[in-house]
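Listing of data-v7.cif; format and content: mmCIF, C-alpha atoms.
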data_input
loop_
_atom_site.label_atom_id
_atom_site.label_comp_id
_atom_site.auth_asym_id
_atom_site.auth_seq_id
_atom_site.Cartn_x
_atom_site.Cartn_y
_atom_site.Cartn_z
CA MET A 1 11.95 54.17 122.23
CA THR A 2 13.32 50.98 120.75
CA THR A 3 13.45 47.62 122.44
CA PRO A 4 17.00 46.41 123.14
CA THR A 5 18.16 43.36 121.27
CA GLU A 6 18.63 40.08 123.08
CA ASN A 7 22.40 40.52 122.76
CA ALA A 8 22.27 43.94 124.42
CA VAL A 9 20.15 42.54 127.24
CA ALA A 10 22.46 39.56 127.76
CA LEU A 11 25.55 41.79 127.65
CA GLY A 12 23.97 44.21 130.14
CA ALA A 13 23.12 41.36 132.50
CA ARG A 14 26.64 39.95 132.22
CA ARG A 15 28.18 43.37 132.91
CA ALA A 16 25.86 43.84 135.90
CA ARG A 17 26.88 40.48 137.38
CA GLN A 18 30.56 41.27 136.79
CA HIS A 19 30.21 44.71 138.36
CA LEU A 20 28.29 43.42 141.38
CA SER A 21 30.76 40.60 141.89
CA LEU A 22 33.71 43.02 141.86
CA ALA A 23 31.93 45.46 144.18
CA ASP A 24 30.95 42.66 146.55
CA ALA A 25 34.57 41.49 146.69
CA GLY A 26 35.74 45.02 147.57
CA HIS A 27 37.41 45.74 144.22
CA ARG A 28 35.99 49.24 143.89
CA GLU A 29 38.39 50.53 141.21
CA GLN A 30 37.74 47.58 138.92
CA ALA A 31 34.00 47.81 139.58
CA ASP A 32 34.02 51.52 138.71
CA PHE A 33 35.98 50.76 135.54
CA VAL A 34 33.18 48.50 134.32
CA ILE A 35 30.84 51.51 134.49
CA ASP A 36 33.29 54.19 133.38
CA VAL A 37 34.17 52.52 130.06
CA LEU A 38 30.53 52.63 128.95
CA GLY A 39 29.74 55.77 127.02
CA ASP A 40 26.46 54.73 125.45
CA PRO A 41 23.25 55.45 127.39
CA GLY A 42 21.73 52.22 126.06
CA ALA A 43 24.61 50.13 127.42
CA LEU A 44 24.30 51.84 130.82
CA LEU A 45 20.55 51.24 130.86
CA ALA A 46 20.98 47.57 129.90
CA MET A 47 23.52 47.11 132.69
CA GLY A 48 21.18 48.88 135.11
CA ALA A 49 18.36 46.58 134.08
CA GLY A 50 20.59 43.63 134.98
CA SER A 51 21.36 45.13 138.40
CA THR A 52 17.69 45.85 138.97
CA ALA A 53 16.72 42.29 138.06
CA LEU A 54 19.26 40.89 140.54
CA ALA A 55 18.05 43.26 143.27
CA ARG A 56 14.41 42.34 142.69
CA MET A 57 15.22 38.64 142.62
CA ALA A 58 17.04 38.94 145.96
CA ALA A 59 14.25 41.07 147.44
CA ARG A 60 11.78 38.24 146.84
CA LEU A 61 13.70 36.26 149.45
CA LEU A 62 13.19 38.91 152.14
CA PRO A 63 10.39 39.02 154.73
CA PRO A 64 7.43 41.28 153.79
CA ALA A 65 8.50 44.53 155.50
CA PRO A 66 12.10 44.64 154.15
CA ARG A 67 10.78 43.52 150.75
CA ALA A 68 8.34 46.46 150.72
CA ARG A 69 11.15 48.89 151.62
CA ALA A 70 13.31 47.45 148.85
CA GLY A 71 10.42 47.93 146.42
CA ALA A 72 10.07 51.57 147.47
CA ARG A 73 13.80 52.13 146.92
CA GLN A 74 13.48 50.57 143.45
CA LEU A 75 10.76 53.09 142.62
CA GLU A 76 13.04 55.93 143.73
CA LEU A 77 15.87 54.53 141.61
CA ALA A 78 13.51 54.44 138.62
CA ARG A 79 12.78 58.13 139.18
CA VAL A 80 16.52 58.88 139.29
CA ARG A 81 17.00 56.89 136.07
CA ASP A 82 14.16 58.71 134.34
CA ASP A 83 15.49 62.10 135.47
CA ALA A 84 18.91 61.20 134.02
CA GLY A 85 17.47 60.88 130.53
CA SER A 86 20.37 60.23 128.15
CA ASP A 87 22.99 62.08 130.23
CA VAL A 88 25.80 59.51 130.48
CA ASP A 89 27.29 60.95 133.68
CA ALA A 90 23.89 61.04 135.39
CA LEU A 91 23.22 57.46 134.25
CA ARG A 92 26.56 56.38 135.70
CA GLY A 93 25.54 57.93 139.02
CA TRP A 94 22.20 56.13 138.86
CA LEU A 95 23.97 52.87 138.06
CA ARG A 96 26.24 53.26 141.08
CA GLN A 97 23.16 53.82 143.26
CA ALA A 98 21.45 50.80 141.70
CA THR A 99 24.53 48.69 142.38
CA ALA A 100 24.65 49.78 146.01
CA GLU A 101 20.98 48.85 146.38
CA ALA A 102 21.46 45.47 144.68
CA LEU A 103 24.39 44.69 146.98
CA ALA A 104 22.48 45.75 150.09
CA VAL A 105 19.41 43.68 149.24
CA THR A 106 21.48 40.69 148.19
CA ARG A 107 23.48 40.82 151.42
CA LEU A 108 20.25 40.89 153.41
CA ALA A 109 18.81 37.99 151.44
CA GLU A 110 22.01 35.97 151.25
CA PRO A 111 24.46 36.78 154.05
CA ASP A 112 26.97 34.12 152.92
CA ALA A 113 29.59 35.68 150.62
CA ALA A 114 30.21 32.45 148.67
CA ALA A 115 26.50 32.08 147.94
CA ARG A 116 26.30 35.72 146.78
CA ARG A 117 29.22 35.18 144.39
CA ALA A 118 27.44 32.12 142.97
CA LEU A 119 24.33 34.26 142.45
CA PHE A 120 26.26 37.04 140.69
CA LEU A 121 28.20 34.66 138.49
CA SER A 122 25.30 32.46 137.39
CA PRO A 123 24.12 33.17 133.83
#
Hey, can you dump this file as structure tokens for me?
Amino acid sequence: MTTPTENAVALGARRARQHLSLADAGHREQADFVIDVLGDPGALLAMGAGSTALARMAARLLPPAPRARAGARQLELARVRDDAGSDVDALRGWLRQATAEALAVTRLAEPDAAARRALFLSP
């Protein structure tokens, strides 16, 4: 397995922030479009890595018990990702699950919508 380039990582993180921001604002069709246009497993994985990073960052702000539950869900998402392999449709499903988790954890950690948007939009 090759290591993604810095550009791929930055692009994945930017797509993840864009997708999460759209999903958080209730723009489901536009959020789905961000995922659906990606046909490369590497691009989907890079975007998922961005979502995972945001979810883990938000989970650090939670009290110990919810943080532990969030960590357990991250492990399950990693299993789903690994099971998907390079199947683009399966990776899209995993990415949607990862997005839902990132939104849930971020909403727990930061209940104010304006603060969440600032988190998603920050580079």
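All residues of protein, DNA or RNA that reach within 6 Å of region 57-59 of chain A, judged by only C-alpha atoms and not counting those fewer than 3 positions away in the chain, are Leu54, Leu62, Arg67, Thr106 and Ala109 of chain A.
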Selection export as a PDB file, in the frame of the given file, atoms kept: C-alpha atoms:
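Final output, again_32.pdb:
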ATOM      1  CA  LEU A  54      19.260  40.890 140.540  1.00  0.00           C
ATOM      2  CA  LEU A  62      13.190  38.910 152.140  1.00  0.00           C
ATOM      3  CA  ARG A  67      10.780  43.520 150.750  1.00  0.00           C
ATOM      4  CA  THR A 106      21.480  40.690 148.190  1.00  0.00           C
ATOM      5  CA  ALA A 109      18.810  37.990 151.440  1.00  0.00           C
TER       6      ALA A 109
END
Restricting the calculation to only C-alpha atoms, which member of A:Leu91, A:Ala102, A:Arg17, A:Ala115 is positioned closest to Asp36 (chain A)? A:Leu91
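Candidate residues A:Leu11, A:Gly50, A:Gly42, A:Ala113 were compared for distance to Gly26 (chain A), and the nearest is A:Ala113, using only C-alpha atoms.
Run against this file, the PyMOL selection byres ((chain A and resi 41) around 10) gives back Leu38, Gly39, Asp40, Gly42, Ala43, Leu44, Leu45, Ala46, Met47, Ala84, Gly85, Ser86, Asp87, Val88, Asp89, Ala90, Leu91 and Arg92 of chain A.
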CA of Arg60 (chain A) to CA of Asp24 (chain A): how many Å, to one decimal? 19.7 Å
Could you give me, as a PyMOL selection string, the residues within 12 Å of Arg69 (chain A), counting all atoms listed in the file and dropping anything in the same chain fewer than 4 positions from it? chain A and resi 56+59-60+62-65+73-76+101+104-105
One decimal place gives the CA of Gln30 (chain A)-CA of Arg14 (chain A) separation as 15.0 Å
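Around the point (37.4, 47.4, 134.7), within 12 Å and counting all atoms listed in the file, we find these residues: Arg15, Gln18, His19, Leu20, Ser21, Leu22, Ala23, His27, Arg28, Glu29, Gln30, Ala31, Asp32, Phe33, Val34, Ile35, Asp36, Val37 and Leu38 of chain A.
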Let's have the selection written as an mmCIF file, in the coordinates of the input, with C-alpha atoms.
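After the write, result.cif holds the following:
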data_model
loop_
_atom_site.group_PDB
_atom_site.id
_atom_site.type_symbol
_atom_site.label_atom_id
_atom_site.label_comp_id
_atom_site.auth_asym_id
_atom_site.auth_seq_id
_atom_site.Cartn_x
_atom_site.Cartn_y
_atom_site.Cartn_z
ATOM 1 C CA ARG A 15 28.180 43.370 132.910
ATOM 2 C CA GLN A 18 30.560 41.270 136.790
ATOM 3 C CA HIS A 19 30.210 44.710 138.360
ATOM 4 C CA LEU A 20 28.290 43.420 141.380
ATOM 5 C CA SER A 21 30.760 40.600 141.890
ATOM 6 C CA LEU A 22 33.710 43.020 141.860
ATOM 7 C CA ALA A 23 31.930 45.460 144.180
ATOM 8 C CA HIS A 27 37.410 45.740 144.220
ATOM 9 C CA ARG A 28 35.990 49.240 143.890
ATOM 10 C CA GLU A 29 38.390 50.530 141.210
ATOM 11 C CA GLN A 30 37.740 47.580 138.920
ATOM 12 C CA ALA A 31 34.000 47.810 139.580
ATOM 13 C CA ASP A 32 34.020 51.520 138.710
ATOM 14 C CA PHE A 33 35.980 50.760 135.540
ATOM 15 C CA VAL A 34 33.180 48.500 134.320
ATOM 16 C CA ILE A 35 30.840 51.510 134.490
ATOM 17 C CA ASP A 36 33.290 54.190 133.380
ATOM 18 C CA VAL A 37 34.170 52.520 130.060
ATOM 19 C CA LEU A 38 30.530 52.630 128.950
#
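With CA of Ala8 (chain A) on one side and CA of Glu110 (chain A) on the other, the separation reads 28.0 Å.
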Calculated over all atoms listed in the file, which of the candidates A:Gly93, A:Gly71, A:Pro111, A:Gly12 has the smallest distance to Ala55 (chain A)? A:Gly71
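Nearest residue to Arg79 (chain A), choosing from A:Ala98, A:Leu61, A:Ala13, A:Ala118 and counting all atoms listed in the file: A:Ala98.
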How would region 3-27 of chain A read, as a short mmCIF file (atom, residue, chain, number, x, y, z; two decimals), keeping the file's coordinate frame, once N, CA and C atoms are built in?
data_model
loop_
_atom_site.label_atom_id
_atom_site.label_comp_id
_atom_site.auth_asym_id
_atom_site.auth_seq_id
_atom_site.Cartn_x
_atom_site.Cartn_y
_atom_site.Cartn_z
N THR A 3 13.23 48.73 121.52
CA THR A 3 13.45 47.62 122.44
C THR A 3 14.87 47.11 122.23
N PRO A 4 15.63 46.90 123.32
CA PRO A 4 17.00 46.41 123.14
C PRO A 4 17.00 45.00 122.57
N THR A 5 18.04 44.70 121.82
CA THR A 5 18.16 43.36 121.27
C THR A 5 18.50 42.38 122.37
N GLU A 6 18.31 41.12 122.09
CA GLU A 6 18.63 40.08 123.08
C GLU A 6 20.11 40.14 123.45
N ASN A 7 20.97 40.42 122.47
CA ASN A 7 22.40 40.52 122.76
C ASN A 7 22.70 41.66 123.71
N ALA A 8 22.05 42.80 123.53
CA ALA A 8 22.27 43.94 124.42
C ALA A 8 21.80 43.63 125.83
N VAL A 9 20.69 42.93 125.93
CA VAL A 9 20.15 42.54 127.24
C VAL A 9 21.10 41.56 127.92
N ALA A 10 21.55 40.55 127.19
CA ALA A 10 22.46 39.56 127.76
C ALA A 10 23.79 40.20 128.17
N LEU A 11 24.30 41.10 127.34
CA LEU A 11 25.55 41.79 127.65
C LEU A 11 25.37 42.67 128.88
N GLY A 12 24.25 43.38 128.97
CA GLY A 12 23.97 44.21 130.14
C GLY A 12 23.89 43.39 131.41
N ALA A 13 23.23 42.24 131.34
CA ALA A 13 23.12 41.36 132.50
C ALA A 13 24.49 40.82 132.91
N ARG A 14 25.30 40.47 131.92
CA ARG A 14 26.64 39.95 132.22
C ARG A 14 27.51 41.04 132.86
N ARG A 15 27.43 42.26 132.32
CA ARG A 15 28.18 43.37 132.91
C ARG A 15 27.70 43.66 134.34
N ALA A 16 26.40 43.59 134.55
CA ALA A 16 25.86 43.84 135.90
C ALA A 16 26.38 42.80 136.88
N ARG A 17 26.36 41.53 136.49
CA ARG A 17 26.88 40.48 137.38
C ARG A 17 28.36 40.68 137.66
N GLN A 18 29.12 41.04 136.62
CA GLN A 18 30.56 41.27 136.79
C GLN A 18 30.78 42.45 137.75
N HIS A 19 30.06 43.52 137.53
CA HIS A 19 30.21 44.71 138.36
C HIS A 19 29.83 44.42 139.81
N LEU A 20 28.73 43.75 140.02
CA LEU A 20 28.29 43.42 141.38
C LEU A 20 29.27 42.48 142.07
N SER A 21 29.81 41.53 141.32
CA SER A 21 30.76 40.60 141.89
C SER A 21 32.03 41.33 142.33
N LEU A 22 32.53 42.24 141.49
CA LEU A 22 33.71 43.02 141.86
C LEU A 22 33.43 43.92 143.06
N ALA A 23 32.28 44.59 143.06
CA ALA A 23 31.93 45.46 144.18
C ALA A 23 31.77 44.67 145.47
N ASP A 24 31.15 43.50 145.37
CA ASP A 24 30.95 42.66 146.55
C ASP A 24 32.28 42.17 147.12
N ALA A 25 33.26 41.96 146.25
CA ALA A 25 34.57 41.49 146.69
C ALA A 25 35.46 42.64 147.18
N GLY A 26 34.97 43.87 147.10
CA GLY A 26 35.74 45.02 147.57
C GLY A 26 36.70 45.60 146.55
N HIS A 27 36.54 45.23 145.29
CA HIS A 27 37.41 45.74 144.22
C HIS A 27 36.76 46.96 143.58
#
